[in-house]
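Data first, discussion second: the structure below is written as structure tokens.
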Amino acid sequence: MAGPELLLQMTGVSKHFPGVRALHDITFDVRAGEVHGLVGENGAGKSTLMGVASGALFATEGEVRISGQVMSGDPELARELGLAIVRQEPALMPDLSVAENLYLGMPRHLRPALSTLNAWARKLLEHWSTTVSIDPRDHVTTLNPEQRFIVEIVKALACDPKVLVLDEPTEHLATEDVERLFERVRRVTERGAAVVYISHRIREVQAIANRLTVLRDGEGQGTFDAAALNEDQIVSLIVGGDLDRTFPDKAVPGAHQTVLATRDFSGPGFSKVSLQVREGEILGLAGIDANGQREFMRALAGIYRGTGHVAIQGREVDIRSSQGANRLGISYLPGDRHREGIFPELAVRENFSIRSIRDDVRGGLISSRSEDRRSDQAIRQFAVKTPNGETPIQSLSGGNQQKVVLSSVLAAKPKVLLVDEPTQGVDVGARAEIYKILRETARSGVAVIVVSSDAQEVAGLSDHVAIFSRGRIVEVLSGDRVTEDNITASVLKSTEQRDKHHKSVGAFWKWAAGNVAPLAMVAFAIVAVGGAAGLYNPFYLSPRSLSGMMTLAATLAMVGYGQQLLMLVGGIDLSVGPLMGLAQVVASFFLLSDLGAGTQAAGWILIFGVALVVGFVNWALVEGLRLHPMVATLATFMAVQAISLILRPTPAGMIDGTIMIALSTKIGIFPVTFLVAVALAVVLEFTLYRRGLGIALRGLGSRPEAARTAGIKPATARLLAYVGCSVLAGAAAVTMISQVGIGDPRAGLNYTLGSIAAIVIGGASLFGGRGSFIGALLGAIFIVQVNSVTVFLRLGQEWQQYLMGVLILAAVALYSKSREKVVQA
Amino acid sequence: MNAVTMTTDPAAGRSAASQKLRNLVFNEFSWIWGGTIVLFIVCAFVAPGVVRMAAISTMLPFAAILAITAVGMTIVIQQRGLDMSLPGAMTIAGLLFAKIGFLTGSTLLAVPLTLAIALAIGIVNGLLVAKVNITPIVATLATNAILLGAIRTISGGSFMTAPEALADFSHAKLFGVPMTLVLALLFIIVVSVVTKRTVSGRRFVAVGANPAAATAAGIPILRYQVATYAVATMCFAVAGMLFTGFIGSASQTAGNDYLLPAIAAVIVGGTPFSGGRGSVIASGVAALFMTQLGQMVLALGAPTSVQLLVQALAIIIAVTVRHLPGLLRMLRG
């Protein structure tokens with residue numbers, strides 16, 4: 001059958017998550033030259049389906065073919081085959097620059113030479129819009145959500161995709177960017193490629209799509225010609241046979257007492273909000289996302305600080321913190337359940353009781369009988385499907401988790417209940433129950449406020465609906481006027497477009513948060529301390545003193561490079577110190593003057609062989625046995641130290657003098673080891689910022705999931721980092737031979753903490769993604785300098801320690817503060 | 001899938017009770033009890049010397065001091081942290097105690113003063129971590145450096161003999177039980193009851209498990225995070241004072257040998273690094289396990305180095321054993 005070419009075919013695809021069936025037997029195909037709309041409610045499985053198509057998720061069952069070729073769970077292959085995806089939550093790596101993100105987002109054959117990276121990225125951004133305010137060198141952390149989304153679109157378009165997937169693209173965009181996007185979409189289809197357009201806005205899909213497929217609760221409802229269906233027909237396909245979802249009866253109109261009232265209440269993202277909620281009523285807040293409704297609610301919950309008047313039952317109150325709100329009888333059910341709602345590893349019982357634990361106190365202690373009774377009762381009352389109360393909440397399905405959190409919030413017996421997205425990620429069956437619970441709660445005299453992005457939900461639940469736009473209330477609907485159509489119309493009328501807003505950050509903080517600032521600051525400190533010490537005591541700047549410091553700095557710097565390499569991918573290696581000692585011990589058996597060149601050569605091989613093995617063991621413990629890096633390398637720390645001590649209980653074995661002399665060679669006043677360390681820093685730094693490998697490592701440390709979607713193999717990259725760390729520690733140990741000269745098993749111990757201190761001063765982040773080898777070198781120099789300067793300043797030895805502690809704190813506090821400042825919400 | 005297809009039938013109540021009992025007896029924190037019992041049985045066969053009363057009563061005070069440090073480390077790890085200032089805090093407490101004891105001539109005054117200073121150090125640690133947002137390991141590393149400097153300043157670089165009253169106390173016995181052990185048990189029981197059975201304790205666990213959710217639930221997380229470091233430093237200080245009394249002098253390096261063993265004891269006890277869950281009882285038992293393991297290895301004629309190797313293995317085995325069910329499930333697909 002010779003129809004149009006099928007660019008994407010998905011046959012019988014199912015996807016199961018623990019406790020949830022997200023997709024069931026979906027068949028979906030996309031023809032060349034078409035725009036294929038994919039519609040459904042939130043949680044219907046649209047994003048999951050496209051996750052499977054792009055290789056980010058493995059299908060539990062079924063087959064995916066892109067351009068006729070089978071692909072399964074391999075994002076790199078999907079990209080090579082021409083599938084590009086623009087996610088609702090951009091898959092960008094926050095610590096990388098915009099240009100680097102674009103680079104990693106390309107299939108290999110489309111990546112530019114790294115020397116022209118920024119110019120290339122600027123050109124791509126200009127393709128989108130010539131007035132674009134995004135600098136390719138900016139870190140992604142400093143972009144606002146809209147800018148991030150534009151970067152994501154630019155990335156996808158630059159791949160010249162055969163299939164372009166757009167996931168809720170208009171949620172984040174201002175009007176002119178929406179028009180730009182539509183024009184790009186048409187251009188893509190003109191050249192014979194296809195677009196999959198995911199949206200829950202039906203009109204938008206109708207306007208642009210040729211065909212559309214409807215998903216409902218993970219099941220396909222069929223594929224249709226977009227022109228063959230009218231809006232009502234699409235809606236009924238989306239929500240299922242009966243149009244009206246079952247909502248409980250609303251409050252009887254009449255005079256109810258006001259429970260909560262705000263007057264001219266302002267805060268971050270909203271201003272001058274005046275609202276009342278009466279006993280027995282539910283107040284719905286609607287509006288396009290990020291127009292202040294959620295922020296208003298969070299300020300009432302005490303998470304943000306608001307100003308203005310809030311009264312509960314006629315009494316003026318001041319909400320200073322979430323604890324304060326709690327004490328006033330305000331309970332909050334967060335919208336982001338995973339981040340703010342549940343304590344994932346704790347039992348259902350603990351998750352339930354935490355918000356009302358005082359009720360279980362008998363004589364000063366918590367009575368487990370009372371706690372069990374209450375939690376069992378809640379499980380029964382809310383029909384939570386769980387084996388029992390001791391099950392960790394994370395193993396429950398989303399709907400059941402939500403019911404536990406809701407029951408927990410209600411058990412605190414609030415006067416005011418704030419609910420953000422009551423049914424997000426909740427399956428249909430549980431929704432009706434949650435609606436019923438909310439209505440009963442209101443009926444019992446609690447003031448209930450609900451925020452939801454689902455207009456139908458707001459309409460079905462609320463007695464009054466306040467529409468937010470740009471932080472203000474533009475309309476309040478009551479009684480019969482609370483319908484889905486009125487809400488949608490009012491929302492669309494009021495907010496034609498989103499404001500472009502950008503938090504302004506002081507130039508100093510922006511600079512301080514960049515990659516260069518730590519280097520500049522540490523370099524300045526080195527010069528300043530050196531200069532001051534030189535003025536006080538000229539011997540400090542004598543060639544002998546400088547050479548001595550450089551020798552020590554070379555060793556510390558090299559082990560610092562190793563630690564830095566590992567920390568880039570979010571690891572840490574405590575075993576570097578003992579490993580350096582073990583290298584001395586090995587040297588003290590093989591590098592002796594009375595042994596032949598063959599034995600000595602074996603010794604050199606063995607030193608690095610040992611390093612390789614230790615690095616591999618560390619990696620195997622972390623990657624294979626899933627140990628925490630601290631735990632794994634603490635164990636190897638002890639084991640390696642033990643081996644050294646078994647081999648050399650006390651220092652012994654004088655190393656060959658000629659080797660010692662060779663290792664302490666100087667060119668002018670510069671020790672060769674130091675020159676090697678400097679050269680190594682430059683090479684490594686170049687690789688880190690100007691080579692694909694370095695960018696990939698930083699990307700992995702910055703956000704592992706995003707890096708995986710960009711085709712980076714985490715296990716392989718971490719192997720490189722662990723082994724590289726140990727080998728660099730081995731190299732550092734070699735430079736140490738000329739300082740120690742004997743097989744001392746404890747010689748390296750101080751270098752574990754020293755290496756961490758050096759790179760932290762140099763600007764590394766312990767969470768990965770940020771760091772610099774030049775920074776490690778400067779940090780090492782600075783530490784050695786501080787350690788020796790006290791002698792020349794005739795300060796007591798304790799000053800070494802004081803200075804070290806204070807300087808680490810000052811440096812890290814500054815970096816942490818500046819990085820916090822530039823992050824956009 | 002079980003969670004979804006399960007129905008709540010009347011039998012669920014009964015099965016919940018039995019499940020609760022099972023969870024109480026067989027959880028990740030119960031392994032260490034079994035391990036310790038097995039260890040003592042093995043000792044009785046391979047090195048009968050170390051299970052005699054005399055040997056055990058020499059070992060117990062060291063196990064007790066380690067247990068007290070492990071209690072402090074456990075609660076910090078429950079808050080997703082790590083306290084590297086243990087050596088400094090422990091040493092400076094011993095030193096301050098001796099110094100204040102001699103200056104004032106009163107042990108009764110020295111104890112509260114030393115504890116007050118420890119409290120202040122802990123609060124600084126907590127604020128650096130929770131308020132200034134410095135990674136715990138880096139923040140406490142830096143305060144440790146500062147404490148080491150202070151130790152030098154205070155001691156002037158020399159040893160100090162411990163006040164006699166403290167030495168006597170450390171060697172004292174209560175109904176035949178070493179005082180150090182009594183104190184360790186007291187610490188373990190109090191901290192355990194507080195974390196499991198009080199409102200503050202439950203909130204402490206919640207803050208460790210998910211700080212963002214704790215904030216949304218109206219828990220003042222800063223207070224709990226700071227208090228954690230404060231209590232931990234007090235534990236280290238008590239251990240430092242006892243150690244000084246026990247060996248009879250306040251050295252400048254007393255705490256150095258306790259950092260890694262304390263962390264090791266927490267890990268072997270089963271408290272995970274992921275925050276929230278944890279057991280100080282398990283850490284205490286693990287302290288006993290690790291100390292006895294060391295004694296056994298020594299009695300078998302192996303040097304200290306082998307002891308270290310055995311401890312490293314103990315850590316890896318302890319962590320792997322708990323992961324085993326999950327790993328097996330994963331391998332089976």
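Within each chain, counting starts at residue 1; across the structure tokens, chains are named A, B, ... in the order shown, with ligands numbered 1 upward in that order.
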- [ ] Please return as JSON, numbers by chain: the residues of region 54-214 of chain B that backbone DSSP assigns to helix (DSSP H, G or I).
- [x] {"B": [54, 55, 56, 57, 58, 59, 60, 61, 62, 63, 64, 65, 66, 67, 68, 69, 70, 71, 72, 73, 74, 75, 76, 77, 78, 86, 87, 88, 89, 90, 91, 92, 93, 94, 95, 96, 97, 98, 99, 100, 101, 102, 103, 104, 107, 108, 109, 110, 111, 112, 113, 114, 115, 116, 117, 118, 119, 120, 121, 122, 123, 124, 125, 126, 127, 128, 129, 130, 136, 137, 138, 139, 140, 141, 142, 143, 144, 145, 146, 147, 148, 149, 150, 151, 152, 153, 154, 155, 164, 165, 166, 167, 168, 169, 170, 171, 179, 180, 181, 182, 183, 184, 185, 186, 187, 188, 189, 190, 191, 192, 193, 194, 195, 196, 197, 199, 200, 201, 202, 203, 204, 205, 206, 207, 208, 209, 211, 212, 213, 214]}
Using C-alpha atoms, can you export the residues from the last selection as a tab-separated table (two decimals), in the first residue's frame?
chain	number	residue	atom	x	y	z
B	54	ALA	CA	38.18	-9.31	82.13
B	55	ALA	CA	38.67	-8.78	78.40
B	56	ILE	CA	35.13	-7.63	77.90
B	57	SER	CA	35.28	-5.12	80.70
B	58	THR	CA	38.42	-3.58	79.19
B	59	MET	CA	36.75	-3.43	75.77
B	60	LEU	CA	33.41	-2.00	76.90
B	61	PRO	CA	34.54	1.53	77.84
B	62	PHE	CA	36.06	2.00	74.39
B	63	ALA	CA	32.95	0.65	72.74
B	64	ALA	CA	30.89	2.97	74.91
B	65	ILE	CA	32.85	6.08	73.95
B	66	LEU	CA	32.62	5.10	70.28
B	67	ALA	CA	28.89	4.51	70.71
B	68	ILE	CA	28.38	8.03	72.08
B	69	THR	CA	30.18	9.57	69.09
B	70	ALA	CA	28.18	7.30	66.78
B	71	VAL	CA	24.92	8.57	68.29
B	72	GLY	CA	25.91	12.12	67.35
B	73	MET	CA	27.00	11.08	63.89
B	74	THR	CA	23.77	9.13	63.33
B	75	ILE	CA	21.48	12.08	63.88
B	76	VAL	CA	23.59	14.26	61.57
B	77	ILE	CA	23.46	11.61	58.86
B	78	GLN	CA	19.69	11.40	59.37
B	86	LEU	CA	34.20	15.36	65.38
B	87	PRO	CA	37.98	15.18	65.98
B	88	GLY	CA	38.23	18.86	66.82
B	89	ALA	CA	35.12	18.89	68.98
B	90	MET	CA	36.08	15.77	70.89
B	91	THR	CA	39.64	16.88	71.52
B	92	ILE	CA	38.79	20.43	72.49
B	93	ALA	CA	36.16	19.21	74.94
B	94	GLY	CA	38.68	17.01	76.75
B	95	LEU	CA	41.17	19.83	76.79
B	96	LEU	CA	38.72	22.51	77.93
B	97	PHE	CA	37.45	20.25	80.62
B	98	ALA	CA	40.94	19.67	82.00
B	99	LYS	CA	41.80	23.34	81.70
B	100	ILE	CA	38.61	24.66	83.28
B	101	GLY	CA	38.78	21.94	85.91
B	102	PHE	CA	42.23	23.05	86.96
B	103	LEU	CA	41.54	26.76	86.70
B	104	THR	CA	38.39	26.65	88.80
B	107	THR	CA	34.61	19.52	88.09
B	108	LEU	CA	30.99	20.44	88.64
B	109	LEU	CA	31.60	23.76	86.94
B	110	ALA	CA	33.81	22.34	84.19
B	111	VAL	CA	31.15	19.99	82.84
B	112	PRO	CA	28.42	22.55	82.10
B	113	LEU	CA	30.93	25.10	80.80
B	114	THR	CA	32.47	22.59	78.41
B	115	LEU	CA	29.04	21.48	77.24
B	116	ALA	CA	27.99	25.09	76.71
B	117	ILE	CA	31.00	25.68	74.48
B	118	ALA	CA	30.24	22.46	72.59
B	119	LEU	CA	26.69	23.66	72.13
B	120	ALA	CA	27.96	26.91	70.65
B	121	ILE	CA	30.26	25.06	68.24
B	122	GLY	CA	27.38	22.85	67.14
B	123	ILE	CA	25.11	25.83	66.57
B	124	VAL	CA	27.76	27.45	64.39
B	125	ASN	CA	28.05	24.24	62.37
B	126	GLY	CA	24.29	24.03	62.02
B	127	LEU	CA	23.95	27.64	60.91
B	128	LEU	CA	26.74	27.26	58.35
B	129	VAL	CA	24.97	24.25	56.88
B	130	ALA	CA	21.32	25.27	57.15
B	136	PRO	CA	27.94	19.82	55.46
B	137	ILE	CA	31.22	18.07	54.75
B	138	VAL	CA	32.93	21.31	53.72
B	139	ALA	CA	31.46	23.42	56.50
B	140	THR	CA	32.43	20.98	59.24
B	141	LEU	CA	35.84	20.42	57.67
B	142	ALA	CA	36.46	24.14	58.01
B	143	THR	CA	35.21	24.37	61.58
B	144	ASN	CA	37.36	21.36	62.39
B	145	ALA	CA	40.42	23.25	61.12
B	146	ILE	CA	39.49	26.22	63.29
B	147	LEU	CA	38.99	23.93	66.30
B	148	LEU	CA	42.39	22.34	65.73
B	149	GLY	CA	43.87	25.83	65.77
B	150	ALA	CA	42.06	26.60	69.00
B	151	ILE	CA	43.34	23.35	70.50
B	152	ARG	CA	46.87	24.48	69.85
B	153	THR	CA	46.19	27.89	71.32
B	154	ILE	CA	44.62	26.45	74.46
B	155	SER	CA	47.08	23.68	75.09
B	164	GLU	CA	41.45	13.32	89.16
B	165	ALA	CA	37.72	13.58	89.67
B	166	LEU	CA	37.15	12.98	85.97
B	167	ALA	CA	39.63	10.14	85.83
B	168	ASP	CA	37.87	8.54	88.77
B	169	PHE	CA	34.49	9.05	87.15
B	170	SER	CA	35.59	7.53	83.87
B	171	HIS	CA	36.90	4.46	85.65
B	179	MET	CA	30.27	4.32	84.06
B	180	THR	CA	31.11	4.98	80.42
B	181	LEU	CA	28.75	2.21	79.39
B	182	VAL	CA	25.99	3.54	81.62
B	183	LEU	CA	26.35	6.93	79.99
B	184	ALA	CA	26.41	5.44	76.50
B	185	LEU	CA	23.23	3.48	77.20
B	186	LEU	CA	21.66	6.60	78.62
B	187	PHE	CA	22.51	8.56	75.46
B	188	ILE	CA	21.25	5.85	73.18
B	189	ILE	CA	17.99	5.39	75.07
B	190	VAL	CA	17.26	9.08	75.43
B	191	VAL	CA	18.02	9.96	71.81
B	192	SER	CA	16.15	6.92	70.57
B	193	VAL	CA	13.04	7.68	72.63
B	194	VAL	CA	13.15	11.33	71.62
B	195	THR	CA	13.41	10.61	67.88
B	196	LYS	CA	10.81	7.83	67.86
B	197	ARG	CA	8.32	8.83	70.53
B	199	VAL	CA	6.64	15.29	68.60
B	200	SER	CA	10.03	16.96	68.10
B	201	GLY	CA	11.61	13.65	67.19
B	202	ARG	CA	9.02	12.86	64.55
B	203	ARG	CA	9.44	16.28	63.04
B	204	PHE	CA	13.20	15.82	63.12
B	205	VAL	CA	12.80	12.63	61.07
B	206	ALA	CA	10.43	14.38	58.66
B	207	VAL	CA	12.89	17.24	58.11
B	208	GLY	CA	15.62	14.72	57.32
B	209	ALA	CA	13.39	12.71	54.98
B	211	PRO	CA	12.96	19.23	54.00
B	212	ALA	CA	10.71	20.81	51.36
B	213	ALA	CA	7.72	18.72	52.39
B	214	ALA	CA	8.47	19.44	56.03
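Residue nearest chain A, chosen from B:Asn133, B:Ser158, B:Gln225, B:Ser279 and counting only C-alpha atoms: B:Asn133.
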Task: Distance query Gly35 (chain B) at most 8 Å, only C-alpha atoms, self and fewer than 4 positions along chain excluded, as a list in words - done: Trp31, Leu39 and Phe289 of chain B
TODO: Find the residue from A:Phe382, A:Phe674, A:Phe773, A:Phe468 that sits nearest to chain B; use only C-alpha atoms when measuring.
DONE: A:Phe382
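In terms of minimum interatomic distance to chain A, B:Gly81 ranks closest within B:Gly284, B:Gly176, B:Gly81, B:Gly49, counting only C-alpha atoms.
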Open item on the list: Given only C-alpha atoms as the basis, pick out the residue of A:Ser772, A:Glu390, A:Ala710, A:Leu627 nearest to Leu324 (chain B).
Closed with: A:Leu627
Open item on the list: Can you pull out every residue from region 109-269 of chain B that DSSP, working from the backbone, puts in strand (DSSP E or B), and format the result as an NGL selection string?
Closed with: :B and (160-161 or 173-174 or 177-178 or 249-250)
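Residue nearest Val64 (chain A) within the list A:Ala99, A:Lys436, A:Ile26, A:Arg186: A:Ile26 [criterion: smallest interatomic distance, only C-alpha atoms].
Interatomic distance, CA of Leu275 (chain A) to CA of Thr262 (chain A): 5.3 Å.
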